[in-house]
Amino acid sequence: MSTALAVFVVQQDFSAAAWKPSAAVVMGEKGATIYLGADEAENLRKIQKAGRQLDGFGVRAVELQGEGWDLERQWAFSNGYTDTRSSNSITWANDANTLKQMRDTVNWTRELINLPPDTIYPESLAQRVAEKLEGLAADKVSTRVIAGDDLLKEGWVGIHTVGRASKHAPCMLVVDYNPSQQADAPVDVCLVGKGITFDSGGYSLKSSEGMVAMKCDMGGAATVAGALALAIQQGLNKRVQLVLCCAENLIDGTAYKLGDIIKYKNGTTVEIVNTDAEGRLVLADGLQYAGEVGAKLIMDAATLTGAAQVAVGTEYNALFSVDDALANKALATATEQRENLWRLPLQQWHKENTPSAFADCANSRPQKGGGSGGASNAAGFLLRFAPNNGKGWLHFDIAGAYHGSANSLWATGATALGVRTIAALLQQDN
């Protein structure tokens with residue numbers, strides 16, 4: 001006899017007098033029932049909320065039974081029925097192999113983001129990602145880690161500058177997934193991830209409450225790594241390189257300071273006016289790397305700005321691009337994958353919105369959050385380093401990557417929002 005709670009979906013109006021209208025799930029003798037209406041988008045939200053409520057009831061294992069469970073409904077339930085430690089068990093109604101693959105990969109991504117910073121630091125993040133991807137396709141994957149002062153030897157000054165004050169060396173991880181195993185095969189896609197494994201803000205020090213969740217500042221790195229892992233499992237057949245820009249943003253006598261000027265590999269000089277605007281400094285290296293290998297499509301992901309979260313909330317990720325056709329493709333893909341994505345403004349002139357009298361630009365504006373339009377201005381900074389004036393480049397500011405406390409849709413911690421969209425974009429023709 002199964003010890004899992006049976007969960008059913010029923011297409012009919014909810015009118016159980018003993019239950020409040022806010023109840024997403026109704027308990028009965030045969031198990032739990034979720035009553036659905038005509039609007040499928042609202043149905044998916046209700047199913048996800050039902051998963052959260054069952055987790056809140058302390059249910060440790062469920063079995064999805066009966067008619068009406070398609071893949072997207074099961075996935076919505078899975079997103080809600082996930083505790084922070086990913087210990088809940090689901091028996092699927094159908095599509096079991098596909099859903100298990102998705103859930104395992106997303107749970108791995110969430111775990112990376114949720115682990116404490118004494119466990120996840122630059123080189124351990126690089127090691128975990130390398131081991132995961134090598135384990136999926138050992139004969140098609142090669143990895144390289146450039147760490148510490150070796151970053152300076154190869155010109156990756158942004159990562160080194162941000163991370164040099166930590167006892168944990170900053171590093172760049174490069175993963176080359178090359179299914180043809182031909183050395184001269186073109187790089188179809190380059191994924192770039194912000195891997196700030198802990199962000200104190202540097203000398204622009206965060207408050208204690210603002211710092212407590214900053215283990216999640218490597219969420220961009222985890223998201224693109226999870227997307228590549230999922231795409232490989234789904235049969236990805238193009239060459240993709242993954243570049244993770246990893247550092248801890250800490251303070252000691254060697255830390256970078258306000259007023260410092262960085263000179264990048266491409267000759268661009270940047271004045272530091274806010275050491276808490278560090279993510280864009282490390283991503284600049286990753287974008288330059290993508291240009292060096294001639295990637296046809298470049299996608300970066302980062303927990304880059306609080307301004308993006310102010311703009312779109314925590315149920316959406318923000319998208320920036322100056323390539324309209326590519327941006328529309330990404331938005332359509334996100335809709336297909338049932339992930340919330342919203343495009344925010346970015347034009348070439350946004351590059352000029354962080355001016356400096358002493359360098360080509362500053363890394364922000366010297367005011368809280370970078371001032372008005374802070375998310376677009378941060379994207380404009382990155383545009384300086386994107387190849388081809390931003391043609392073929394997508395920037396995901398993943399505002400929905402992490403929740404400091406549980407809500408009606410998500411458990412406390414990482415969500416992995418964006419993994420499905422980026423994985424699906426990897427599978428499409430460039």
# chains A, B, ... in the order shown; residues from 1 in each chain; ligands from 1
>>> residues_around(residues="region 74-80 of chain A", least_positions_apart="3", cutoff="9 Å", atoms="only C-alpha atoms", output="count of residues only")
30
>>> residues_around(residues="Gln427 (chain A)", least_positions_apart="3", cutoff="8 Å", atoms="only C-alpha atoms", output="VMD selection string")
chain A and resid 231 236 to 237 423 to 424
>>> write_last_selection(atoms="N, CA, C and O atoms", output="compact mmCIF listing (two decimals), in the first residue's frame")
# COMPACT_ATOMS: atom_id res chain seq x y z
N ALA A 231 19.81 21.07 -21.10
CA ALA A 231 19.86 20.96 -22.56
C ALA A 231 20.68 19.76 -23.01
O ALA A 231 20.33 19.08 -23.98
N LEU A 236 21.19 18.14 -26.66
CA LEU A 236 21.82 19.30 -27.29
C LEU A 236 22.91 18.86 -28.26
O LEU A 236 23.79 18.09 -27.90
N ASN A 237 22.84 19.40 -29.49
CA ASN A 237 23.76 18.95 -30.53
C ASN A 237 24.47 20.13 -31.19
O ASN A 237 24.65 20.17 -32.40
N ALA A 423 17.57 26.92 -21.42
CA ALA A 423 17.80 25.58 -22.00
C ALA A 423 17.07 25.44 -23.33
O ALA A 423 17.61 24.88 -24.30
N ALA A 424 15.84 25.94 -23.42
CA ALA A 424 15.09 25.86 -24.67
C ALA A 424 15.72 26.72 -25.76
O ALA A 424 15.76 26.32 -26.93
>>> residues_around(residues="Leu244 (chain A)", least_positions_apart="6", cutoff="10 Å", atoms="only C-alpha atoms", output="number ranges by chain")
A: 122, 125-126, 129, 145, 171-175, 191-196, 218, 220-222, 224-225, 282-283, 285-286, 300
>>> write_last_selection(atoms="N, CA and C atoms", output="short mmCIF file (atom, residue, chain, number, x, y, z; two decimals), in the first residue's frame")
data_model
loop_
_atom_site.label_atom_id
_atom_site.label_comp_id
_atom_site.auth_asym_id
_atom_site.auth_seq_id
_atom_site.Cartn_x
_atom_site.Cartn_y
_atom_site.Cartn_z
N PRO A 122 34.43 30.57 -4.82
CA PRO A 122 34.69 30.54 -6.26
C PRO A 122 35.17 29.20 -6.83
N LEU A 125 32.55 26.32 -6.41
CA LEU A 125 31.47 26.46 -7.38
C LEU A 125 31.92 25.94 -8.74
N ALA A 126 33.11 26.36 -9.16
CA ALA A 126 33.64 25.90 -10.44
C ALA A 126 33.78 24.38 -10.46
N VAL A 129 30.27 22.59 -10.70
CA VAL A 129 29.67 22.71 -12.04
C VAL A 129 30.43 21.84 -13.03
N VAL A 145 39.93 25.93 -15.43
CA VAL A 145 39.77 26.94 -14.40
C VAL A 145 40.99 27.84 -14.40
N CYS A 171 38.10 33.14 -9.71
CA CYS A 171 38.42 32.27 -10.84
C CYS A 171 37.41 32.43 -11.97
N MET A 172 37.83 32.04 -13.14
CA MET A 172 36.95 31.91 -14.30
C MET A 172 36.91 30.43 -14.68
N LEU A 173 35.71 29.87 -14.73
CA LEU A 173 35.53 28.51 -15.23
C LEU A 173 35.08 28.58 -16.67
N VAL A 174 35.76 27.82 -17.53
CA VAL A 174 35.35 27.69 -18.93
C VAL A 174 35.02 26.22 -19.18
N VAL A 175 33.78 25.96 -19.56
CA VAL A 175 33.33 24.62 -19.93
C VAL A 175 33.05 24.62 -21.43
N LEU A 191 27.43 30.96 -22.91
CA LEU A 191 26.67 31.32 -21.72
C LEU A 191 27.62 31.93 -20.71
N VAL A 192 27.23 33.05 -20.13
CA VAL A 192 28.07 33.76 -19.17
C VAL A 192 27.27 33.93 -17.88
N GLY A 193 27.85 33.55 -16.74
CA GLY A 193 27.14 33.63 -15.48
C GLY A 193 27.90 34.40 -14.42
N LYS A 194 27.18 35.25 -13.72
CA LYS A 194 27.75 35.96 -12.57
C LYS A 194 27.85 35.00 -11.40
N GLY A 195 29.07 34.77 -10.92
CA GLY A 195 29.29 33.80 -9.85
C GLY A 195 29.87 34.45 -8.60
N ILE A 196 29.20 35.49 -8.10
CA ILE A 196 29.65 36.12 -6.85
C ILE A 196 29.12 35.27 -5.70
N MET A 218 25.42 34.23 -6.67
CA MET A 218 25.96 33.41 -7.76
C MET A 218 24.81 32.71 -8.50
N GLY A 220 23.13 33.63 -11.05
CA GLY A 220 23.27 33.65 -12.51
C GLY A 220 24.13 32.50 -13.01
N ALA A 221 25.25 32.27 -12.31
CA ALA A 221 26.13 31.15 -12.68
C ALA A 221 25.40 29.83 -12.56
N ALA A 222 24.66 29.64 -11.46
CA ALA A 222 23.92 28.39 -11.28
C ALA A 222 22.83 28.23 -12.33
N VAL A 224 22.68 29.46 -15.56
CA VAL A 224 23.17 29.07 -16.89
C VAL A 224 23.78 27.68 -16.85
N ALA A 225 24.41 27.30 -15.72
CA ALA A 225 24.95 25.94 -15.60
C ALA A 225 23.82 24.92 -15.62
N VAL A 282 32.62 41.74 -13.25
CA VAL A 282 33.08 40.39 -13.59
C VAL A 282 32.45 39.91 -14.91
N LEU A 283 31.19 40.29 -15.14
CA LEU A 283 30.55 39.88 -16.40
C LEU A 283 31.23 40.49 -17.61
N ASP A 285 34.32 40.65 -18.19
CA ASP A 285 35.33 39.67 -18.63
C ASP A 285 34.68 38.53 -19.41
N GLY A 286 33.58 38.03 -18.90
CA GLY A 286 32.91 36.92 -19.57
C GLY A 286 32.41 37.30 -20.96
N ASP A 300 23.82 36.01 -21.05
CA ASP A 300 24.35 36.07 -19.69
C ASP A 300 23.19 36.13 -18.70
#
>>> closest_residue(among="A:Leu382, A:Ala362, A:Ile272, A:Val162", to="Ala301 (chain A)", atoms="only C-alpha atoms")
A:Leu382
>>> atom_distance(atom1="CA of Phe381 (chain A)", atom2="CA of Gly279 (chain A)")
11.0 Å
